[in-house]
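**Q** Structure file entry.cif (mmCIF, C-alpha atoms) right here:
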data_coords
loop_
_atom_site.label_atom_id
_atom_site.label_comp_id
_atom_site.auth_asym_id
_atom_site.auth_seq_id
_atom_site.Cartn_x
_atom_site.Cartn_y
_atom_site.Cartn_z
CA MET A 195 -39.18 37.94 67.53
CA THR A 196 -40.09 41.57 66.95
CA ILE A 197 -37.80 44.13 65.40
CA PRO A 198 -37.14 46.09 68.67
CA TRP A 199 -36.19 42.86 70.41
CA ARG A 200 -33.88 41.94 67.59
CA ILE A 201 -32.18 45.33 67.79
CA ALA A 202 -31.84 45.06 71.56
CA VAL A 203 -30.33 41.59 71.30
CA LEU A 204 -27.94 42.74 68.59
CA ILE A 205 -26.78 45.73 70.67
CA PHE A 206 -26.22 43.56 73.72
CA LEU A 207 -24.44 40.95 71.61
CA THR A 208 -22.15 43.58 70.12
CA TRP A 209 -21.36 44.94 73.55
CA CYS A 210 -20.54 41.45 74.81
CA LEU A 211 -18.14 40.96 71.91
CA VAL A 212 -16.46 44.33 72.50
CA ALA A 213 -16.19 43.58 76.24
CA GLN A 214 -14.79 40.15 75.36
CA LEU A 215 -17.58 38.30 77.17
CA TYR A 216 -17.48 35.42 74.74
CA LEU A 217 -19.10 32.95 77.13
CA VAL A 218 -22.23 35.10 76.98
CA ALA A 219 -21.96 36.13 73.34
CA VAL A 220 -21.60 32.70 71.74
CA PRO A 221 -24.71 31.05 73.30
CA LEU A 222 -26.69 34.22 72.65
CA ALA A 223 -25.65 34.22 68.99
CA VAL A 224 -26.59 30.56 68.60
CA TRP A 225 -29.96 31.16 70.19
CA TYR A 226 -30.47 34.23 67.95
CA LEU A 227 -29.63 32.26 64.81
CA PHE A 228 -32.03 29.56 65.84
CA LYS A 229 -34.88 32.01 66.32
CA VAL A 230 -34.33 34.22 63.23
CA ASP A 231 -32.28 34.14 60.03
CA GLY A 232 -29.65 36.33 61.63
CA HIS A 233 -27.93 37.66 58.54
CA GLU A 234 -27.37 40.93 60.39
CA LEU A 235 -24.90 39.08 62.59
CA ILE A 236 -22.47 39.20 59.68
CA LEU A 237 -22.49 42.99 59.87
CA VAL A 238 -21.85 42.83 63.60
CA SER A 239 -19.02 40.35 63.17
CA ILE A 240 -17.38 42.42 60.41
CA LEU A 241 -17.53 45.50 62.63
CA VAL A 242 -16.06 43.63 65.58
CA ASP A 243 -13.30 42.20 63.40
CA GLY A 244 -12.54 45.72 62.24
CA TYR A 245 -12.57 46.93 65.85
CA TYR A 246 -9.96 44.31 66.78
CA GLN A 247 -8.07 45.00 63.50
CA ALA A 248 -8.49 41.41 62.45
CA PHE A 249 -8.54 42.37 58.77
CA TYR A 250 -4.79 42.81 58.91
CA GLY A 251 -4.78 39.03 59.26
CA VAL A 252 -7.70 36.60 58.92
CA PRO A 253 -11.15 37.92 59.97
CA ILE A 254 -11.95 34.72 61.79
CA LEU A 255 -15.10 35.99 63.53
CA SER A 256 -16.72 37.04 60.26
CA LEU A 257 -15.89 33.76 58.55
CA CYS A 258 -17.15 31.75 61.51
CA THR A 259 -20.38 33.72 61.54
CA ILE A 260 -20.96 33.08 57.85
CA GLY A 261 -20.29 29.40 58.40
CA LEU A 262 -22.67 29.34 61.37
CA ILE A 263 -25.44 31.03 59.40
CA VAL A 264 -25.06 28.59 56.50
CA PHE A 265 -25.08 25.72 58.96
CA PHE A 266 -28.27 26.95 60.63
CA ASP A 267 -29.93 27.53 57.25
CA PHE A 268 -29.20 23.90 56.50
CA ILE A 269 -30.16 22.43 59.87
CA LYS A 270 -33.28 24.42 60.71
CA PRO A 271 -35.60 22.71 58.17
CA GLN A 272 -34.60 19.38 59.70
CA LEU A 273 -35.81 20.55 63.09
CA LEU A 274 -39.27 21.74 62.02
CA MET A 275 -42.27 20.03 63.54
CA TYR A 276 -45.95 20.14 62.67
CA THR A 277 -48.75 20.29 65.21
CA GLY A 278 -52.06 18.41 64.96
CA GLY A 279 -53.58 21.51 63.38
CA ASN A 280 -51.00 21.39 60.63
CA GLU A 281 -49.17 24.37 62.08
CA MET A 282 -45.44 24.54 61.65
CA VAL A 283 -43.40 25.19 64.80
CA SER A 284 -39.67 25.26 65.35
CA MET B 77 -46.21 31.13 39.90
CA LYS B 78 -44.88 28.43 42.08
CA ALA B 79 -41.72 28.15 40.07
CA SER B 80 -41.10 31.90 40.15
CA TYR B 81 -41.72 31.96 43.90
CA ARG B 82 -39.09 29.33 44.48
CA HIS B 83 -36.73 31.17 42.19
CA ASN B 84 -37.20 34.46 44.08
CA SER B 85 -36.96 32.84 47.47
CA ARG B 86 -33.46 31.56 46.79
CA LYS B 87 -32.07 34.74 45.31
CA PRO B 88 -31.80 36.83 48.54
CA LYS B 89 -29.82 34.09 50.25
CA ARG B 90 -27.20 34.19 47.56
CA ARG B 91 -27.23 37.95 47.66
CA TRP B 92 -26.39 38.31 51.37
CA LEU B 93 -23.66 35.77 51.03
CA VAL B 94 -22.11 37.59 48.11
CA VAL B 95 -22.42 40.96 49.89
CA ALA B 96 -20.80 39.54 53.01
CA LEU B 97 -17.90 38.00 51.12
CA VAL B 98 -17.33 41.16 49.10
CA THR B 99 -17.32 43.23 52.30
CA ILE B 100 -14.79 40.90 53.88
CA LEU B 101 -12.66 41.06 50.74
CA LEU B 102 -12.77 44.85 50.84
CA GLY B 103 -11.86 44.74 54.51
CA ILE B 104 -8.84 42.57 53.72
CA LEU B 105 -7.84 44.91 50.91
CA PHE B 106 -8.33 48.09 52.97
CA PRO B 107 -7.97 47.05 56.60
CA TRP B 108 -7.17 50.55 57.82
CA LEU B 109 -10.47 51.84 56.35
CA ILE B 110 -12.69 49.20 57.95
CA SER B 111 -10.84 49.54 61.23
CA LYS B 112 -11.56 53.28 61.36
CA ILE B 113 -15.21 52.76 60.43
CA SER B 114 -15.57 50.07 63.08
CA ALA B 115 -13.85 52.21 65.71
CA VAL B 116 -16.29 55.05 65.04
CA ILE B 117 -19.40 52.88 64.99
CA LEU B 118 -18.42 50.82 68.02
CA TYR B 119 -17.16 53.74 70.06
CA PRO B 120 -20.29 53.76 72.30
CA PHE B 121 -19.77 50.09 73.02
CA HIS B 122 -16.09 50.68 73.71
CA ALA B 123 -16.89 53.53 76.06
CA THR B 124 -19.51 51.51 77.89
CA SER B 125 -17.17 48.59 78.24
CA THR B 126 -14.39 50.81 79.57
CA TRP B 127 -16.83 52.43 81.99
CA VAL B 128 -17.87 49.04 83.36
CA LYS B 129 -14.27 47.95 83.69
CA THR B 130 -12.78 51.07 85.25
CA SER B 131 -15.50 53.28 86.70
CA ASP B 132 -16.08 53.74 90.44
CA GLY B 133 -19.84 53.78 90.00
CA VAL B 134 -22.06 51.51 92.06
CA LEU B 135 -23.09 49.20 89.24
CA PRO B 136 -19.60 48.72 87.70
CA LEU B 137 -18.13 48.22 91.17
CA TYR B 138 -20.76 45.60 91.93
CA LEU B 139 -20.15 43.82 88.64
CA ARG B 140 -16.39 44.04 89.04
CA SER B 141 -16.40 42.83 92.63
CA LYS B 142 -18.50 39.87 91.65
CA SER B 143 -16.19 38.97 88.78
CA ASP B 144 -13.15 39.61 90.99
CA LEU B 145 -14.56 37.29 93.61
CA GLN B 146 -15.17 34.64 91.00
CA ALA B 147 -11.62 35.02 89.74
CA GLU B 148 -10.35 34.79 93.34
CA VAL B 149 -12.37 31.62 93.89
CA GLU B 150 -10.93 30.13 90.70
CA ARG B 151 -7.41 31.10 91.74
CA LEU B 152 -7.87 29.58 95.19
CA ARG B 153 -9.30 26.41 93.70
CA THR B 154 -6.31 26.08 91.42
CA GLU B 155 -3.97 26.77 94.32
CA LEU B 156 -5.74 24.19 96.46
CA ALA B 157 -5.49 21.58 93.73
CA THR B 158 -1.78 22.34 93.30
CA GLU B 159 -1.22 22.20 97.06
CA SER B 160 -3.09 18.93 97.26
CA THR B 161 -0.91 17.44 94.54
CA ALA B 162 2.24 18.72 96.22
CA ASN B 163 1.05 17.32 99.54
CA THR B 164 0.47 13.92 97.98
CA SER B 165 3.96 13.96 96.50
CA PHE B 166 5.39 15.00 99.86
CA ASN B 167 3.60 12.19 101.68
CA ARG B 168 4.74 9.68 99.09
CA LEU B 169 8.34 10.80 99.42
CA LEU B 170 8.07 10.76 103.21
CA GLN B 171 6.72 7.22 103.28
CA GLU B 172 9.32 6.06 100.78
CA ASN B 173 12.05 7.68 102.85
CA MET B 174 10.82 6.04 106.08
CA GLN B 175 10.59 2.68 104.33
CA LEU B 176 14.11 2.97 102.95
CA ARG B 177 15.48 4.07 106.32
CA SER B 178 13.83 1.21 108.15
CA MET B 179 15.08 -1.30 105.58
CA ALA B 180 18.63 0.08 105.65
CA ARG B 181 18.70 -0.20 109.45
CA ALA B 182 16.93 -3.52 109.58
CA GLY B 183 19.96 -5.75 109.45
CA GLY B 184 21.51 -4.46 112.68
CA GLU B 185 25.14 -5.45 112.50
CA GLU B 186 24.64 -7.31 109.25
CA GLU B 187 25.43 -5.02 106.36
CA ARG B 188 22.62 -4.70 103.85
CA LEU B 189 21.73 -2.61 100.85
CA VAL B 190 18.29 -1.60 99.68
CA ALA B 191 17.18 -2.52 96.17
CA ARG B 192 14.08 -1.75 94.17
CA VAL B 193 12.15 -4.65 92.70
CA LEU B 194 12.11 -4.28 88.92
CA ALA B 195 10.09 -7.33 87.97
CA ARG B 196 7.90 -9.68 89.90
CA PRO B 197 6.36 -13.05 89.22
CA ASP B 198 3.76 -11.29 87.05
CA TYR B 199 6.39 -10.67 84.41
CA LEU B 200 8.98 -13.29 85.27
CA ALA B 201 8.66 -16.96 85.85
CA TYR B 202 6.96 -17.44 89.16
CA ASP B 203 9.12 -17.40 92.29
CA LEU B 204 11.72 -15.12 90.70
CA LEU B 205 12.38 -11.44 91.36
CA GLN B 206 14.57 -8.97 89.51
CA ILE B 207 16.22 -6.22 91.57
CA ASP B 208 18.03 -3.10 90.41
CA LYS B 209 21.31 -3.73 92.26
CA GLY B 210 24.13 -5.84 90.86
CA THR B 211 27.70 -6.78 91.49
CA LEU B 212 28.82 -3.16 91.14
CA ASP B 213 26.79 -2.41 94.27
CA GLY B 214 28.14 -5.42 96.15
CA VAL B 215 25.48 -8.02 95.45
CA VAL B 216 26.88 -11.55 95.39
CA VAL B 217 25.33 -14.82 94.38
CA GLY B 218 23.88 -16.56 97.41
CA ALA B 219 23.15 -13.35 99.32
CA PRO B 220 19.90 -13.46 101.32
CA VAL B 221 17.09 -11.11 100.34
CA TYR B 222 14.75 -9.71 102.96
CA THR B 223 11.45 -7.91 103.02
CA GLY B 224 10.90 -5.67 106.01
CA VAL B 225 13.12 -6.25 108.99
CA ASP B 226 13.74 -9.97 109.07
CA SER B 227 11.45 -11.74 106.63
CA ILE B 228 13.73 -13.57 104.26
CA VAL B 229 12.20 -14.35 100.89
CA GLY B 230 14.97 -15.84 98.83
CA LEU B 231 18.55 -15.89 97.65
CA VAL B 232 20.36 -14.15 94.82
CA VAL B 233 20.92 -16.74 92.11
CA HIS B 234 22.28 -14.59 89.32
CA ALA B 235 23.97 -11.21 89.48
CA THR B 236 25.08 -8.97 86.65
CA GLN B 237 26.78 -5.62 87.09
CA GLN B 238 23.53 -3.67 87.11
CA TYR B 239 20.82 -6.07 88.27
CA ALA B 240 20.30 -9.43 89.88
CA PHE B 241 17.74 -12.21 90.02
CA VAL B 242 16.41 -13.55 93.28
CA ASP B 243 15.11 -17.09 93.56
CA LEU B 244 12.37 -17.28 96.16
CA PHE B 245 12.30 -20.02 98.77
CA THR B 246 9.01 -21.15 97.36
CA SER B 247 10.66 -22.27 94.13
CA PRO B 248 10.22 -25.95 93.34
CA GLY B 249 13.36 -27.85 94.26
CA PHE B 250 14.48 -25.58 97.07
CA GLU B 251 15.34 -27.59 100.19
CA SER B 252 16.60 -26.49 103.56
CA THR B 253 16.05 -26.95 107.26
CA ALA B 254 13.49 -24.85 109.09
CA TYR B 255 12.72 -24.36 112.75
CA ILE B 256 9.11 -24.17 113.82
CA PHE B 257 8.18 -22.15 116.89
CA GLY B 258 5.43 -23.82 118.89
CA PRO B 259 6.39 -27.47 118.71
CA ASN B 260 10.00 -26.17 118.68
CA VAL B 261 11.28 -28.69 116.18
CA PHE B 262 13.55 -28.68 113.18
CA ALA B 263 11.98 -29.91 110.00
CA PRO B 264 12.91 -30.12 106.34
CA ILE B 265 11.38 -27.37 104.24
CA GLU B 266 10.89 -27.58 100.50
CA GLY B 267 9.50 -25.17 97.94
CA ILE B 268 6.57 -26.41 95.95
CA GLY B 269 6.02 -23.37 93.72
CA GLY B 270 3.14 -20.97 93.46
CA GLY B 271 4.45 -18.90 96.35
CA VAL B 272 4.12 -21.77 98.82
CA ALA B 273 6.66 -23.93 100.68
CA ARG B 274 5.98 -26.82 103.03
CA VAL B 275 7.53 -28.50 106.03
CA LYS B 276 7.31 -32.25 106.55
CA LEU B 277 6.92 -33.61 110.07
CA PRO B 278 6.11 -37.01 111.53
CA GLN B 279 2.71 -37.67 113.00
CA GLY B 280 2.37 -36.69 116.63
CA VAL B 281 4.18 -33.38 116.38
CA SER B 282 1.63 -30.69 117.05
CA ILE B 283 1.69 -28.06 114.33
CA ALA B 284 -1.01 -25.46 113.82
CA GLU B 285 -1.79 -22.50 111.64
CA GLY B 286 -0.05 -19.31 112.63
CA GLN B 287 3.11 -20.93 113.96
CA LEU B 288 6.23 -19.05 112.96
CA VAL B 289 8.84 -20.72 110.75
CA ILE B 290 12.43 -19.51 110.60
CA LEU B 291 15.46 -20.54 108.65
CA PRO B 292 18.22 -20.97 111.20
CA GLY B 293 20.84 -20.99 108.47
CA VAL B 294 20.28 -17.29 107.92
CA SER B 295 20.63 -14.85 110.77
CA SER B 296 17.28 -13.26 111.64
CA GLY B 297 15.72 -15.22 108.84
CA VAL B 298 12.05 -15.43 109.63
CA TYR B 299 10.47 -17.08 106.66
CA GLY B 300 6.76 -16.93 107.35
CA GLU B 301 4.03 -18.73 109.18
CA ILE B 302 2.09 -21.90 108.66
CA VAL B 303 -1.09 -21.06 106.79
CA SER B 304 -2.47 -24.55 106.37
CA VAL B 305 -1.90 -28.01 107.82
CA GLN B 306 -2.43 -31.27 105.95
CA ASN B 307 -2.72 -34.13 108.39
CA GLU B 308 -4.12 -37.51 107.44
CA PRO B 309 -3.97 -40.01 110.33
CA THR B 310 -3.34 -42.92 107.98
CA GLN B 311 -0.17 -41.33 106.63
CA PRO B 312 3.17 -41.49 108.45
CA GLU B 313 3.84 -37.77 108.06
CA GLN B 314 2.00 -34.46 108.06
CA TYR B 315 2.63 -31.26 106.11
CA GLY B 316 2.51 -27.63 107.08
CA PHE B 317 2.17 -25.17 104.22
CA ILE B 318 3.96 -21.85 104.55
CA SER B 319 3.61 -18.63 102.60
CA PRO B 320 5.55 -15.39 102.94
CA PRO B 321 3.86 -12.67 105.02
CA LEU B 322 3.87 -10.20 102.10
CA ALA B 323 2.38 -10.79 98.67
CA MET B 324 4.88 -10.54 95.84
CA ASN B 325 2.83 -7.80 94.18
CA ASN B 326 3.29 -5.62 97.27
CA LEU B 327 7.06 -5.71 97.05
CA LEU B 328 8.55 -2.37 96.10
CA TYR B 329 11.85 -2.51 97.98
CA VAL B 330 13.85 -5.39 99.39
CA SER B 331 17.05 -5.39 101.39
CA VAL B 332 19.93 -7.59 100.32
CA GLY B 333 22.57 -8.98 102.64
CA LEU B 334 26.10 -8.51 101.38
CA LYS B 335 27.36 -11.93 102.50
CA SER B 336 26.50 -15.18 100.80
CA VAL B 337 24.75 -17.86 102.83
CA GLU B 338 25.04 -20.56 100.24
CA SER B 339 25.35 -24.07 101.61
CA ARG B 340 28.81 -25.71 101.41
CA THR B 341 29.69 -29.26 100.49
CA ALA B 342 31.00 -31.69 103.10
CA GLU B 343 34.49 -31.53 101.57
CA GLU B 344 34.56 -27.76 101.77
CA ILE B 345 33.43 -27.82 105.38
CA ASP B 346 36.02 -30.50 106.25
CA GLU B 347 38.80 -28.51 104.63
CA THR B 348 37.72 -25.35 106.44
CA VAL B 349 37.65 -27.14 109.82
CA ARG B 350 41.10 -28.67 109.22
CA ALA B 351 42.53 -25.29 108.33
CA MET B 352 41.08 -23.78 111.50
CA LEU B 353 42.50 -26.62 113.61
CA ARG B 354 45.94 -26.26 112.05
CA GLU B 355 45.89 -22.56 112.78
CA SER B 356 44.77 -22.98 116.37
CA LEU B 357 47.26 -25.76 117.19
CA GLN B 358 50.25 -24.03 115.66
CA LEU B 359 52.93 -23.23 118.35
CA SER B 360 54.34 -19.85 117.72
CA SER B 361 56.03 -18.83 121.06
CA THR B 362 57.67 -22.17 121.94
CA THR B 363 61.43 -22.84 121.38
CA VAL B 364 63.55 -26.01 121.32
CA SER B 365 65.17 -25.19 124.72
CA THR B 366 61.70 -24.98 126.26
CA PHE B 367 61.03 -28.44 124.93
CA ALA B 368 64.40 -29.77 126.25
CA SER B 369 64.00 -28.35 129.75
CA SER B 370 60.42 -29.53 130.03
CA SER B 371 61.54 -33.05 128.89
CA GLN B 372 64.32 -33.15 131.52
CA ILE B 373 61.94 -32.19 134.28
CA PHE B 374 59.54 -34.85 133.10
CA ILE B 375 62.32 -37.55 133.14
CA GLU B 376 63.48 -36.59 136.64
CA GLU B 377 59.93 -36.63 137.94
CA ASP B 378 59.46 -40.02 136.34
CA ALA B 379 62.64 -41.44 137.90
CA THR B 380 61.69 -40.15 141.36
CA THR B 381 58.25 -41.66 141.06
CA THR B 382 59.73 -45.04 139.98
CA SER B 383 62.24 -45.28 142.90
CA SER B 384 59.65 -44.31 145.49
CA SER B 385 57.24 -46.89 144.21
CA THR B 386 60.03 -49.58 144.38
CA GLU B 387 60.73 -48.71 147.99
CA GLU B 388 57.05 -48.93 148.84
CA LEU B 389 56.86 -52.39 147.27
CA ILE B 390 59.88 -53.65 149.33
CA GLU B 391 58.27 -52.35 152.53
CA ILE B 392 55.06 -54.15 151.77
CA GLU B 393 56.87 -57.41 151.14
#
Turn the structure described in the file into structure tokens.

**A**
Amino acid sequence: MTIPWRIAVLIFLTWCLVAQLYLVAVPLAVWYLFKVDGHELILVSILVDGYYQAFYGVPILSLCTIGLIVFFDFIKPQLLMYTGGNEMVS
Amino acid sequence: MKASYRHNSRKPKRRWLVVALVTILLGILFPWLISKISAVILYPFHATSTWVKTSDGVLPLYLRSKSDLQAEVERLRTELATESTANTSFNRLLQENMQLRSMARAGGEEERLVARVLARPDYLAYDLLQIDKGTLDGVVVGAPVYTGVDSIVGLVVHATQQYAFVDLFTSPGFESTAYIFGPNVFAPIEGIGGGVARVKLPQGVSIAEGQLVILPGVSSGVYGEIVSVQNEPTQPEQYGFISPPLAMNNLLYVSVGLKSVESRTAEEIDETVRAMLRESLQLSSTTVSTFASSSQIFIEEDATTTSSSTEELIEIE
């Protein structure tokens, strides 16, 4: 995924979170994490938590995002496949 | 080189995690600061979102109307499901009400009460029912128990204040006299258990499946119909097997007569008949003078008859 596409997806994802369209945002975030490392999602989640003033309590979105990223870092190598030409695909 | 590559490749992962946790910690320590920063950075998103939600533009209106329609569909679906449930409850109550009304009116002049069946032969010994009415409601031992209008199924054998047990006519050991429509004969009926009773008839009496059997000892006591006939020509008698028209598992309500129909012993019947005779033959409006005058008239009539007959005899001679 190219950098412009990543930025576009991040902007749309942020807007979905601000507009509270969680049914769109969550699958999009999962797909994004599957395609790329997605560490920038932590920045987005911290900003959204700040927007909703979640830091006065528990910033649940940020913590969940960190957990999701760690989980995908762990699970993605298990899902790698190799083609006949010894090329790695995911 | 390989070792250093692996070492370097792991370092950034730890770094982002540490940076993220430190940022979150700072956010928890200074929530007002991170809230203001977020509000400034996300203002374009906030404005766009507000525009979509409140603007009268073509695109927001289109998006809103679509979402509104979806919400309306959801609301109507929920309402329909609720209405459907309420309708089911209404129908159930209506049917229950009609059933109770028909059972309460079923006895005609005979007074009855309606009782719910608490336990059936599944949970009790077979051929026994438990009902939720007891002596406080007027149930007495020996009272007949009906299903529907006139199908009698058994008698109350034990009654407590709150509930009672009903022994079905199909219980082993039950004996009575039945009347069979068709051949129009009386026959002894006995319970043989398992929800079945049988009538015993001599050979030559024509009985067939479907013929109605009543218990004449109980008013309007239709018991059931013959479901099977056992007839072996070499035997002196034949049997007709009878089962109630309604399966025990279908019983939800029964009606209970308030008067006992228990059979009496010969001594009790004799005593009752004597008491009735004494009461009917007792002279209440007759005095001694009535007796005296009626005796005198009788004597005079007798004397007149005797003298006239003597004169007739003399004339003949």

**Q** Hey, can you check how far CA of Ile283 (chain B) sits from CA of Gly316 (chain B)?

**A**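 Computing the Euclidean distance for CA of Ile283 (chain B) and CA of Gly316 (chain B) yields 7.3 Å.
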
**Q** Just so the selection is clear, what residues does the PyMOL selection byres ((chain A and resi 207) around 10) cover here, as a PyMOL selection string?

**A** chain A and resi 201-206+208-213+215-216+218-220+222-223+226+235+238

**Q** What is the CA of Pro248 (chain B) to CA of Gly230 (chain B) distance in Å?

**A** 12.4 Å

**Q** Taking only residues of chain A that have an atom at most 9 Å from an atom of chain B, what is each one's shortest atom pair and its distance in Å to one decimal, using all atoms listed in the file, in chain and number order, as CSV?

**A**
residue,atom,partner,partner_atom,distance
A:Ile205,CA,B:Phe121,CA,8.6
A:Thr208,CA,B:Phe121,CA,7.5
A:Trp209,CA,B:Phe121,CA,5.4
A:Cys210,CA,B:Ser125,CA,8.6
A:Val212,CA,B:His122,CA,6.5
A:Ala213,CA,B:Ser125,CA,5.5
A:His233,CA,B:Trp92,CA,7.4
A:Ile236,CA,B:Ala96,CA,6.9
A:Leu237,CA,B:Ala96,CA,7.9
A:Ile240,CA,B:Ile100,CA,7.2
A:Leu241,CA,B:Ser114,CA,5.0
A:Val242,CA,B:Ser114,CA,6.9
A:Asp243,CA,B:Ser111,CA,8.0
A:Gly244,CA,B:Ser111,CA,4.3
A:Tyr245,CA,B:Ser114,CA,5.2
A:Tyr246,CA,B:Ser111,CA,7.7
A:Gln247,CA,B:Ser111,CA,5.8
A:Ala248,CA,B:Pro107,CA,8.1
A:Phe249,CA,B:Ile104,CA,5.1
A:Tyr250,CA,B:Pro107,CA,5.8
A:Gly251,CA,B:Ile104,CA,7.7
A:Val252,CA,B:Ile104,CA,8.0
A:Pro253,CA,B:Ile100,CA,7.7
A:Ser256,CA,B:Ile100,CA,7.7
A:Leu257,CA,B:Ile100,CA,8.6
A:Ile260,CA,B:Leu93,CA,7.8

**Q** Run the PyMOL selection byres ((chain B and resi 198-212) around 10) mentally over the shown coordinates, then write out the matched residues as a ChimeraX atom specification, using the chain letters and numbers from the document.

**A** /B:189-197,213-217,229-248,267,269-272,324-325,327-332

**Q** Just give me the gap between CA of Ile318 (chain B) and CA of Glu266 (chain B) in Å, one decimal is fine.

**A**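 It comes out at 9.9 Å.
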
**Q** Given the file above and the PyMOL selection byres ((chain A and resi 267) around 12), which residues are selected, and can you give them as JSON, numbers by chain?

**A** {"A": [227, 228, 229, 230, 231, 232, 233, 260, 261, 262, 263, 264, 265, 266, 268, 269, 270, 271, 272, 273, 274], "B": [86, 89]}

**Q** Which one is closest to Trp127 (chain B): B:Thr223, B:Gln314, B:Ile345, B:Leu139? Count all atoms listed in the file.

**A**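 That would be B:Leu139, the residue with the smallest distance to Trp127 (chain B).
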
**Q** Skipping near chain neighbours, those fewer than 3 positions away, what residues fall within 9 Å of region 140-149 of chain B using all atoms listed in the file, listed as a PyMOL selection string?

**A** chain B and resi 128-130+135-137+152-154

**Q** Based on the selection just made, write C-alpha atoms of those residues as a PDB file, in the frame of the given file.

**A**
ATOM      1  CA  VAL B 128     -17.870  49.040  83.360  1.00  0.00           C
ATOM      2  CA  LYS B 129     -14.270  47.950  83.690  1.00  0.00           C
ATOM      3  CA  THR B 130     -12.780  51.070  85.250  1.00  0.00           C
ATOM      4  CA  LEU B 135     -23.090  49.200  89.240  1.00  0.00           C
ATOM      5  CA  PRO B 136     -19.600  48.720  87.700  1.00  0.00           C
ATOM      6  CA  LEU B 137     -18.130  48.220  91.170  1.00  0.00           C
ATOM      7  CA  LEU B 152      -7.870  29.580  95.190  1.00  0.00           C
ATOM      8  CA  ARG B 153      -9.300  26.410  93.700  1.00  0.00           C
ATOM      9  CA  THR B 154      -6.310  26.080  91.420  1.00  0.00           C
TER      10      THR B 154
END

**Q** Could you pull the residues within 9 Å of Ser319 (chain B), counting only C-alpha atoms, minus those fewer than 4 positions along the same chain, as a PyMOL selection string?

**A** chain B and resi 246+271-274+299-303+323

**Q** Would you compute an axis-aligned box for region 102-115 of chain B, covering every atom listed for it in the file with 5 Å of margin on each side, and report centre and edge lengths in Å to one decimal as JSON?

**A**
{"center_x": -11.4, "center_y": 47.9, "center_z": 58.3, "size_x": 18.4, "size_y": 20.7, "size_z": 24.9}

**Q** N, CA and C atoms are needed for region 96-109 of chain B; please write them out as a PDB file, in the coordinates of the input.

**A**
ATOM      1  N   ALA B  96     -21.672  39.758  51.851  1.00  0.00           N
ATOM      2  CA  ALA B  96     -20.800  39.540  53.010  1.00  0.00           C
ATOM      3  C   ALA B  96     -19.370  39.236  52.569  1.00  0.00           C
ATOM      4  N   LEU B  97     -19.251  38.360  51.575  1.00  0.00           N
ATOM      5  CA  LEU B  97     -17.900  38.000  51.120  1.00  0.00           C
ATOM      6  C   LEU B  97     -17.190  39.189  50.473  1.00  0.00           C
ATOM      7  N   VAL B  98     -17.941  39.982  49.716  1.00  0.00           N
ATOM      8  CA  VAL B  98     -17.330  41.160  49.100  1.00  0.00           C
ATOM      9  C   VAL B  98     -16.870  42.148  50.176  1.00  0.00           C
ATOM     10  N   THR B  99     -17.695  42.314  51.212  1.00  0.00           N
ATOM     11  CA  THR B  99     -17.320  43.230  52.300  1.00  0.00           C
ATOM     12  C   THR B  99     -16.049  42.745  52.996  1.00  0.00           C
ATOM     13  N   ILE B 100     -15.994  41.447  53.225  1.00  0.00           N
ATOM     14  CA  ILE B 100     -14.790  40.900  53.880  1.00  0.00           C
ATOM     15  C   ILE B 100     -13.570  41.093  52.985  1.00  0.00           C
ATOM     16  N   LEU B 101     -13.770  40.872  51.682  1.00  0.00           N
ATOM     17  CA  LEU B 101     -12.660  41.060  50.740  1.00  0.00           C
ATOM     18  C   LEU B 101     -12.183  42.518  50.744  1.00  0.00           C
ATOM     19  N   LEU B 102     -13.142  43.438  50.769  1.00  0.00           N
ATOM     20  CA  LEU B 102     -12.770  44.850  50.840  1.00  0.00           C
ATOM     21  C   LEU B 102     -12.033  45.159  52.139  1.00  0.00           C
ATOM     22  N   GLY B 103     -12.513  44.535  53.204  1.00  0.00           N
ATOM     23  CA  GLY B 103     -11.860  44.740  54.510  1.00  0.00           C
ATOM     24  C   GLY B 103     -10.424  44.240  54.488  1.00  0.00           C
ATOM     25  N   ILE B 104     -10.208  43.097  53.796  1.00  0.00           N
ATOM     26  CA  ILE B 104      -8.840  42.570  53.720  1.00  0.00           C
ATOM     27  C   ILE B 104      -7.978  43.471  52.847  1.00  0.00           C
ATOM     28  N   LEU B 105      -8.607  44.029  51.795  1.00  0.00           N
ATOM     29  CA  LEU B 105      -7.840  44.910  50.910  1.00  0.00           C
ATOM     30  C   LEU B 105      -7.537  46.263  51.567  1.00  0.00           C
ATOM     31  N   PHE B 106      -8.518  46.789  52.313  1.00  0.00           N
ATOM     32  CA  PHE B 106      -8.330  48.090  52.970  1.00  0.00           C
ATOM     33  C   PHE B 106      -8.582  47.942  54.468  1.00  0.00           C
ATOM     34  N   PRO B 107      -7.716  47.297  55.171  1.00  0.00           N
ATOM     35  CA  PRO B 107      -7.970  47.050  56.600  1.00  0.00           C
ATOM     36  C   PRO B 107      -8.012  48.330  57.416  1.00  0.00           C
ATOM     37  N   TRP B 108      -7.183  49.310  57.061  1.00  0.00           N
ATOM     38  CA  TRP B 108      -7.170  50.550  57.820  1.00  0.00           C
ATOM     39  C   TRP B 108      -8.526  51.262  57.756  1.00  0.00           C
ATOM     40  N   LEU B 109      -9.188  51.160  56.551  1.00  0.00           N
ATOM     41  CA  LEU B 109     -10.470  51.840  56.350  1.00  0.00           C
ATOM     42  C   LEU B 109     -11.546  51.215  57.234  1.00  0.00           C
TER      43      LEU B 109
END
